[in-house]
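Heads up: the structure comes next, in structure tokens.
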Amino acid sequence: MRPAIIVHGGAGRLRGEDVGRRLEVLRGAADKGYEIMARGGSALDAVVEAVVVLEDSGLFNAGLGSALTFDGVAELDAGVMDGEGLIGAVAAVRGVKNPVVLARRVAELTDHVLLVGEGAERLARILGLEVPEEVLVTREKLERLRELKARWRRGEDYAWLAKLRKLVEEHPGYFGTVGAAAVDGEGRVAAATSTGGYWLKLRGRVGDTPIPGAGFYALKGVGACSATGIGEYIIRFSLCRAVCELMAKGLPAEQAAREAISRMSAELGEGLAGVVAVDANGGVGYAFNTEAMTVAYRAAGMERAAALAPRKADQRATA
Ligand code: GLY
């Protein structure tokens, strides 16, 4: 059994700036995860470390790059799961640079699956995972928030969810959640996802990312999946669970990802989400119904990870 990993840097619209840099970081994250597994490490180690690379880059809406809430704080969500029974997640945590690591610790050290807010922050403090607030809430981000709010206020009422689609259109960097799905040399599967949510979200809002079956999922002997997009819709559809169930019926990762996204589009509309998935046979795949997505993957026989930013029009199979 040869390992395989696929990572994503979010789905949505792509701006020209930074795309090259983001693809390079994604490629580095996929290579890091792959090499961990090539040295005998687990799929769980691989997805967590790959996501840490993305959180630390500051280029995605996760970890250092996380979006701010309407009132200017960074509340982060993350979840991790493998097919061996490990599952953990954190939601609405402040002052934690790598929520994916905290999510793993929730799984390993507590009897719970999901810790939120102050309780999760207390665990982060005990484990030395806390960082000062200004690491995640920079002056630059506060300025960006001010501009976004001004734009939002012009001509809009406070009917939050009804405005969501328009905001997505107006602000291309809306998505940028990160995630990874991997299968290791022993056939173990795992997935991890991490996000800052989205700009202007209300304090206390939790999206799909820390919800098992929505933002992440892994099934022993079957495969694993990580999602990105508008959490409210991904939760409604239980997107990652849908992908894993399709793989459980025998579909390879690539077809399962496409089929689930196609069903989600039919049920809830276009422009909402993207997924990456691996199957237990070492296949990787991705699909999205947004304008574009950024992904990187490395499977058997590849010397280096491939990174790409497919558009909706040229969506195609990976390995
Ligand atoms: N998919 C990330 C979020 O909606 O929070």
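Please note that chains go A, B, ... in the order of the structure tokens, that every chain numbers its residues from 1, and that ligands are numbered from 1 in the order shown.
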Discussion item. Can you work out which residues are within 10 Å of ligand 1, considering only C-alpha atoms and all ligand atoms, and then hand them over as a PyMOL selection string?
Written reply: chain A and resi 10-11+61-62+67+75-78+91+174-178+193-199+201+205-210+214-215+226-235+272-274
Worksheet entry | Those of segment 54-206 of chain A in DSSP strand (DSSP E or B), formatted as a PyMOL selection string | chain A and resi 76-82+87-93+96+114-116+130+178-183+189-195
Any chance you could export the current selection's C-alpha atoms as a tab-separated table (two decimals), in the first residue's frame?
chain	number	residue	atom	x	y	z
A	76	LEU	CA	-11.22	29.69	14.83
A	77	ASP	CA	-12.67	26.22	14.16
A	78	ALA	CA	-10.95	22.92	13.33
A	79	GLY	CA	-11.69	19.22	13.26
A	80	VAL	CA	-9.74	16.00	12.77
A	81	MET	CA	-10.74	12.37	12.38
A	82	ASP	CA	-9.17	9.09	11.34
A	87	ILE	CA	-12.13	12.28	16.43
A	88	GLY	CA	-11.75	15.76	17.91
A	89	ALA	CA	-12.77	19.32	17.13
A	90	VAL	CA	-12.69	22.86	18.52
A	91	ALA	CA	-14.95	25.78	17.70
A	92	ALA	CA	-14.90	29.54	18.26
A	93	VAL	CA	-11.49	29.50	19.93
A	96	VAL	CA	-4.80	29.67	19.20
A	114	LEU	CA	-16.02	19.00	20.42
A	115	LEU	CA	-14.85	21.76	22.78
A	116	VAL	CA	-15.86	25.38	22.22
A	130	GLU	CA	-2.00	29.87	23.19
A	178	VAL	CA	-7.76	24.65	4.59
A	179	GLY	CA	-7.87	20.89	4.87
A	180	ALA	CA	-6.26	17.56	4.07
A	181	ALA	CA	-7.26	13.94	3.52
A	182	ALA	CA	-4.74	11.11	3.47
A	183	VAL	CA	-4.29	7.35	3.38
A	189	VAL	CA	-7.29	7.09	6.49
A	190	ALA	CA	-7.61	10.53	8.12
A	191	ALA	CA	-8.93	14.02	7.44
A	192	ALA	CA	-8.36	17.44	9.04
A	193	THR	CA	-9.90	20.86	8.36
A	194	SER	CA	-9.18	24.31	9.83
A	195	THR	CA	-10.75	27.74	9.31
Discussion item. Taking only segment 190-255 of chain A into account, list the residues labelled helix (DSSP H, G or I) by DSSP (computed from the backbone), as a list in words.
Written reply: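 Of segment 190-255 of chain A, only Gly231, Glu232, Tyr233, Ile234, Ile235, Arg236, Phe237, Leu239, Cys240, Arg241, Ala242, Val243, Cys244, Glu245, Leu246, Met247, Ala248, Ala253, Glu254 and Gln255 of chain A fall in helix (DSSP H, G or I).
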I need the residues from that last selection saved to file as a PDB file, in the first residue's frame (with N, CA, C and O atoms), if you can.
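The resulting out-v5.pdb:
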ATOM      1  N   GLY A 231     -20.259  27.280   5.338  1.00  0.00           N
ATOM      2  CA  GLY A 231     -20.545  26.256   6.326  1.00  0.00           C
ATOM      3  C   GLY A 231     -22.016  25.958   6.530  1.00  0.00           C
ATOM      4  O   GLY A 231     -22.409  24.809   6.732  1.00  0.00           O
ATOM      5  N   GLU A 232     -22.850  26.986   6.484  1.00  0.00           N
ATOM      6  CA  GLU A 232     -24.274  26.798   6.750  1.00  0.00           C
ATOM      7  C   GLU A 232     -24.888  25.797   5.770  1.00  0.00           C
ATOM      8  O   GLU A 232     -25.781  25.022   6.122  1.00  0.00           O
ATOM      9  N   TYR A 233     -24.400  25.813   4.527  1.00  0.00           N
ATOM     10  CA  TYR A 233     -24.924  24.892   3.508  1.00  0.00           C
ATOM     11  C   TYR A 233     -24.258  23.524   3.622  1.00  0.00           C
ATOM     12  O   TYR A 233     -24.887  22.495   3.395  1.00  0.00           O
ATOM     13  N   ILE A 234     -22.976  23.517   3.948  1.00  0.00           N
ATOM     14  CA  ILE A 234     -22.252  22.243   4.056  1.00  0.00           C
ATOM     15  C   ILE A 234     -22.825  21.425   5.210  1.00  0.00           C
ATOM     16  O   ILE A 234     -22.976  20.202   5.113  1.00  0.00           O
ATOM     17  N   ILE A 235     -23.186  22.109   6.304  1.00  0.00           N
ATOM     18  CA  ILE A 235     -23.809  21.404   7.442  1.00  0.00           C
ATOM     19  C   ILE A 235     -25.157  20.813   7.008  1.00  0.00           C
ATOM     20  O   ILE A 235     -25.449  19.652   7.279  1.00  0.00           O
ATOM     21  N   ARG A 236     -25.965  21.627   6.311  1.00  0.00           N
ATOM     22  CA  ARG A 236     -27.279  21.131   5.858  1.00  0.00           C
ATOM     23  C   ARG A 236     -27.139  19.857   5.038  1.00  0.00           C
ATOM     24  O   ARG A 236     -27.958  18.956   5.123  1.00  0.00           O
ATOM     25  N   PHE A 237     -26.094  19.794   4.216  1.00  0.00           N
ATOM     26  CA  PHE A 237     -25.948  18.659   3.297  1.00  0.00           C
ATOM     27  C   PHE A 237     -25.120  17.520   3.898  1.00  0.00           C
ATOM     28  O   PHE A 237     -25.108  16.424   3.348  1.00  0.00           O
ATOM     29  N   LEU A 239     -21.814  17.235   3.946  1.00  0.00           N
ATOM     30  CA  LEU A 239     -21.080  16.978   2.702  1.00  0.00           C
ATOM     31  C   LEU A 239     -20.019  15.878   2.811  1.00  0.00           C
ATOM     32  O   LEU A 239     -19.943  14.994   1.952  1.00  0.00           O
ATOM     33  N   CYS A 240     -19.170  15.930   3.845  1.00  0.00           N
ATOM     34  CA  CYS A 240     -18.090  14.932   3.917  1.00  0.00           C
ATOM     35  C   CYS A 240     -18.624  13.528   4.193  1.00  0.00           C
ATOM     36  O   CYS A 240     -18.082  12.537   3.711  1.00  0.00           O
ATOM     37  N   ARG A 241     -19.680  13.459   4.952  1.00  0.00           N
ATOM     38  CA  ARG A 241     -20.310  12.146   5.181  1.00  0.00           C
ATOM     39  C   ARG A 241     -20.857  11.602   3.850  1.00  0.00           C
ATOM     40  O   ARG A 241     -20.725  10.416   3.555  1.00  0.00           O
ATOM     41  N   ALA A 242     -21.454  12.491   3.062  1.00  0.00           N
ATOM     42  CA  ALA A 242     -22.004  12.061   1.762  1.00  0.00           C
ATOM     43  C   ALA A 242     -20.892  11.508   0.870  1.00  0.00           C
ATOM     44  O   ALA A 242     -21.058  10.463   0.231  1.00  0.00           O
ATOM     45  N   VAL A 243     -19.743  12.190   0.850  1.00  0.00           N
ATOM     46  CA  VAL A 243     -18.618  11.711   0.021  1.00  0.00           C
ATOM     47  C   VAL A 243     -18.167  10.340   0.511  1.00  0.00           C
ATOM     48  O   VAL A 243     -17.963   9.405  -0.280  1.00  0.00           O
ATOM     49  N   CYS A 244     -18.025  10.172   1.838  1.00  0.00           N
ATOM     50  CA  CYS A 244     -17.543   8.894   2.386  1.00  0.00           C
ATOM     51  C   CYS A 244     -18.551   7.775   2.132  1.00  0.00           C
ATOM     52  O   CYS A 244     -18.164   6.635   1.849  1.00  0.00           O
ATOM     53  N   GLU A 245     -19.833   8.090   2.202  1.00  0.00           N
ATOM     54  CA  GLU A 245     -20.835   7.043   1.948  1.00  0.00           C
ATOM     55  C   GLU A 245     -20.805   6.596   0.495  1.00  0.00           C
ATOM     56  O   GLU A 245     -20.975   5.410   0.194  1.00  0.00           O
ATOM     57  N   LEU A 246     -20.546   7.530  -0.401  1.00  0.00           N
ATOM     58  CA  LEU A 246     -20.424   7.149  -1.814  1.00  0.00           C
ATOM     59  C   LEU A 246     -19.185   6.269  -2.024  1.00  0.00           C
ATOM     60  O   LEU A 246     -19.217   5.299  -2.784  1.00  0.00           O
ATOM     61  N   MET A 247     -18.093   6.597  -1.325  1.00  0.00           N
ATOM     62  CA  MET A 247     -16.898   5.744  -1.429  1.00  0.00           C
ATOM     63  C   MET A 247     -17.182   4.369  -0.828  1.00  0.00           C
ATOM     64  O   MET A 247     -16.705   3.350  -1.325  1.00  0.00           O
ATOM     65  N   ALA A 248     -17.980   4.333   0.232  1.00  0.00           N
ATOM     66  CA  ALA A 248     -18.320   3.047   0.864  1.00  0.00           C
ATOM     67  C   ALA A 248     -19.113   2.163  -0.099  1.00  0.00           C
ATOM     68  O   ALA A 248     -19.075   0.939  -0.006  1.00  0.00           O
ATOM     69  N   ALA A 253     -12.437   7.948  -4.935  1.00  0.00           N
ATOM     70  CA  ALA A 253     -12.515   9.284  -4.332  1.00  0.00           C
ATOM     71  C   ALA A 253     -12.955  10.340  -5.337  1.00  0.00           C
ATOM     72  O   ALA A 253     -13.818  11.179  -5.033  1.00  0.00           O
ATOM     73  N   GLU A 254     -12.377  10.266  -6.517  1.00  0.00           N
ATOM     74  CA  GLU A 254     -12.646  11.291  -7.532  1.00  0.00           C
ATOM     75  C   GLU A 254     -14.135  11.308  -7.921  1.00  0.00           C
ATOM     76  O   GLU A 254     -14.766  12.371  -7.959  1.00  0.00           O
ATOM     77  N   GLN A 255     -14.695  10.132  -8.162  1.00  0.00           N
ATOM     78  CA  GLN A 255     -16.110  10.076  -8.562  1.00  0.00           C
ATOM     79  C   GLN A 255     -17.038  10.409  -7.389  1.00  0.00           C
ATOM     80  O   GLN A 255     -18.071  11.053  -7.568  1.00  0.00           O
TER      81      GLN A 255
END
Worksheet item: Which is closest to Gly33 of chain A among A:Ala307, A:Val101, A:Ala50, A:Val19, if we use only C-alpha atoms?
Response: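 The closest residue to Gly33 of chain A is A:Ala50.
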Item to complete: Mind giving me the straight-line distance from atom CA of Gly9 of chain A to atom CA of Ser262 of chain A in Å, one decimal?
Response: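 Going from atom CA of Gly9 of chain A over to atom CA of Ser262 of chain A, I get 20.5 Å.
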Worksheet item: Which polymer residues have any atom within 9 Å of an atom of Arg2 of chain A, counting only C-alpha atoms, with same-chain residues fewer than 2 positions away left out, as a list of chain:residue names?
Response: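 Contacts, in chain order: A:Ala4, A:Met37, A:Ala38, A:Val183, A:Asp184, A:Gly185, A:Glu186, A:Gly187, A:Asn281, A:Gly282, A:Ala299, A:Ala300, A:Gly301.
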Discussion item. Could you list, as a VMD selection string, every residue within 10 Å of Asn289 of chain A, counting only C-alpha atoms and ignoring same-chain residues fewer than 3 positions away?
Written reply: chain A and resid 11 to 12 229 258 261 to 262 264 to 265 269 to 275 292 to 293 311 to 312 315
Could you please take those selected residues and save C-alpha atoms as a short mmCIF file (atom, residue, chain, number, x, y, z; two decimals), in the first residue's frame?
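Result saved to out16.cif:
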data_model
loop_
_atom_site.label_atom_id
_atom_site.label_comp_id
_atom_site.auth_asym_id
_atom_site.auth_seq_id
_atom_site.Cartn_x
_atom_site.Cartn_y
_atom_site.Cartn_z
CA ALA A 11 -12.95 27.13 -2.83
CA GLY A 12 -14.56 30.30 -4.07
CA GLY A 229 -17.18 26.66 1.40
CA ARG A 258 -17.97 14.81 -7.99
CA ILE A 261 -21.00 18.01 -5.13
CA SER A 262 -23.39 17.43 -8.00
CA MET A 264 -25.44 19.23 -3.30
CA SER A 265 -25.76 21.62 -6.27
CA GLY A 269 -27.63 25.49 -5.48
CA GLU A 270 -24.27 26.38 -7.01
CA GLY A 271 -21.39 28.43 -5.63
CA LEU A 272 -21.36 26.87 -2.18
CA ALA A 273 -18.62 24.31 -1.58
CA GLY A 274 -15.65 22.18 -2.51
CA VAL A 275 -14.18 18.91 -1.21
CA ALA A 292 -12.49 27.94 -8.49
CA MET A 293 -10.58 25.93 -5.90
CA ARG A 311 -11.77 26.75 -12.51
CA LYS A 312 -15.30 25.45 -12.67
CA GLN A 315 -12.87 20.85 -13.52
#
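Shortest atom-to-atom contact with Glu303 of chain A among A:Glu35, A:Arg94, A:Arg22, A:Val7: A:Glu35, counting only C-alpha atoms.
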Worksheet item: Given the choices A:Ala107, A:Leu86, A:Val137, A:Lys220, which gets closest to Leu123 of chain A if the distance is worked out from only C-alpha atoms?
Response: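 Under the stated criterion, the closest residue is A:Ala107.
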Worksheet entry | Distance in Å - atom CA of Thr69 of chain A versus atom CA of Val53 of chain A |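 Taking atom CA of Thr69 of chain A as the start and atom CA of Val53 of chain A as the end point, the length is 23.3 Å.
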Worksheet item: Which residue out of A:Asn98, A:Thr290, A:Ser42, A:Thr110 has the minimum interatomic distance to Leu64 of chain A when only C-alpha atoms are used?
Response: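 Smallest distance to Leu64 of chain A is found for A:Asn98.
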Practice prompt. Find the residue from A:Arg298, A:Arg122, A:Arg304, A:Arg203 that sits nearest to Leu102 of chain A; use only C-alpha atoms when measuring.
Written response: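 Distance minimum relative to Leu102 of chain A lands on A:Arg122.
Nearest to Arg151 of chain A of all the residues A:Ile211, A:Glu134, A:Leu200, A:Gly117 is A:Leu200, counting only C-alpha atoms.
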Discussion item. Excluding Arg139 of chain A and its own-chain neighbours fewer than 5 positions away, which residues fall within 12 Å of it when counting only C-alpha atoms? Please give them as a list in words.
Written reply: Leu68, Gly72, Val73, Glu133, Glu134, Arg144, Leu145 and Arg146 of chain A
Worksheet item: Which distance in Å separates atom CA of Ala313 of chain A and atom CA of Val222 of chain A, to one decimal?
Response: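 Taking atom CA of Ala313 of chain A as the start and atom CA of Val222 of chain A as the end point, the length is 29.3 Å.
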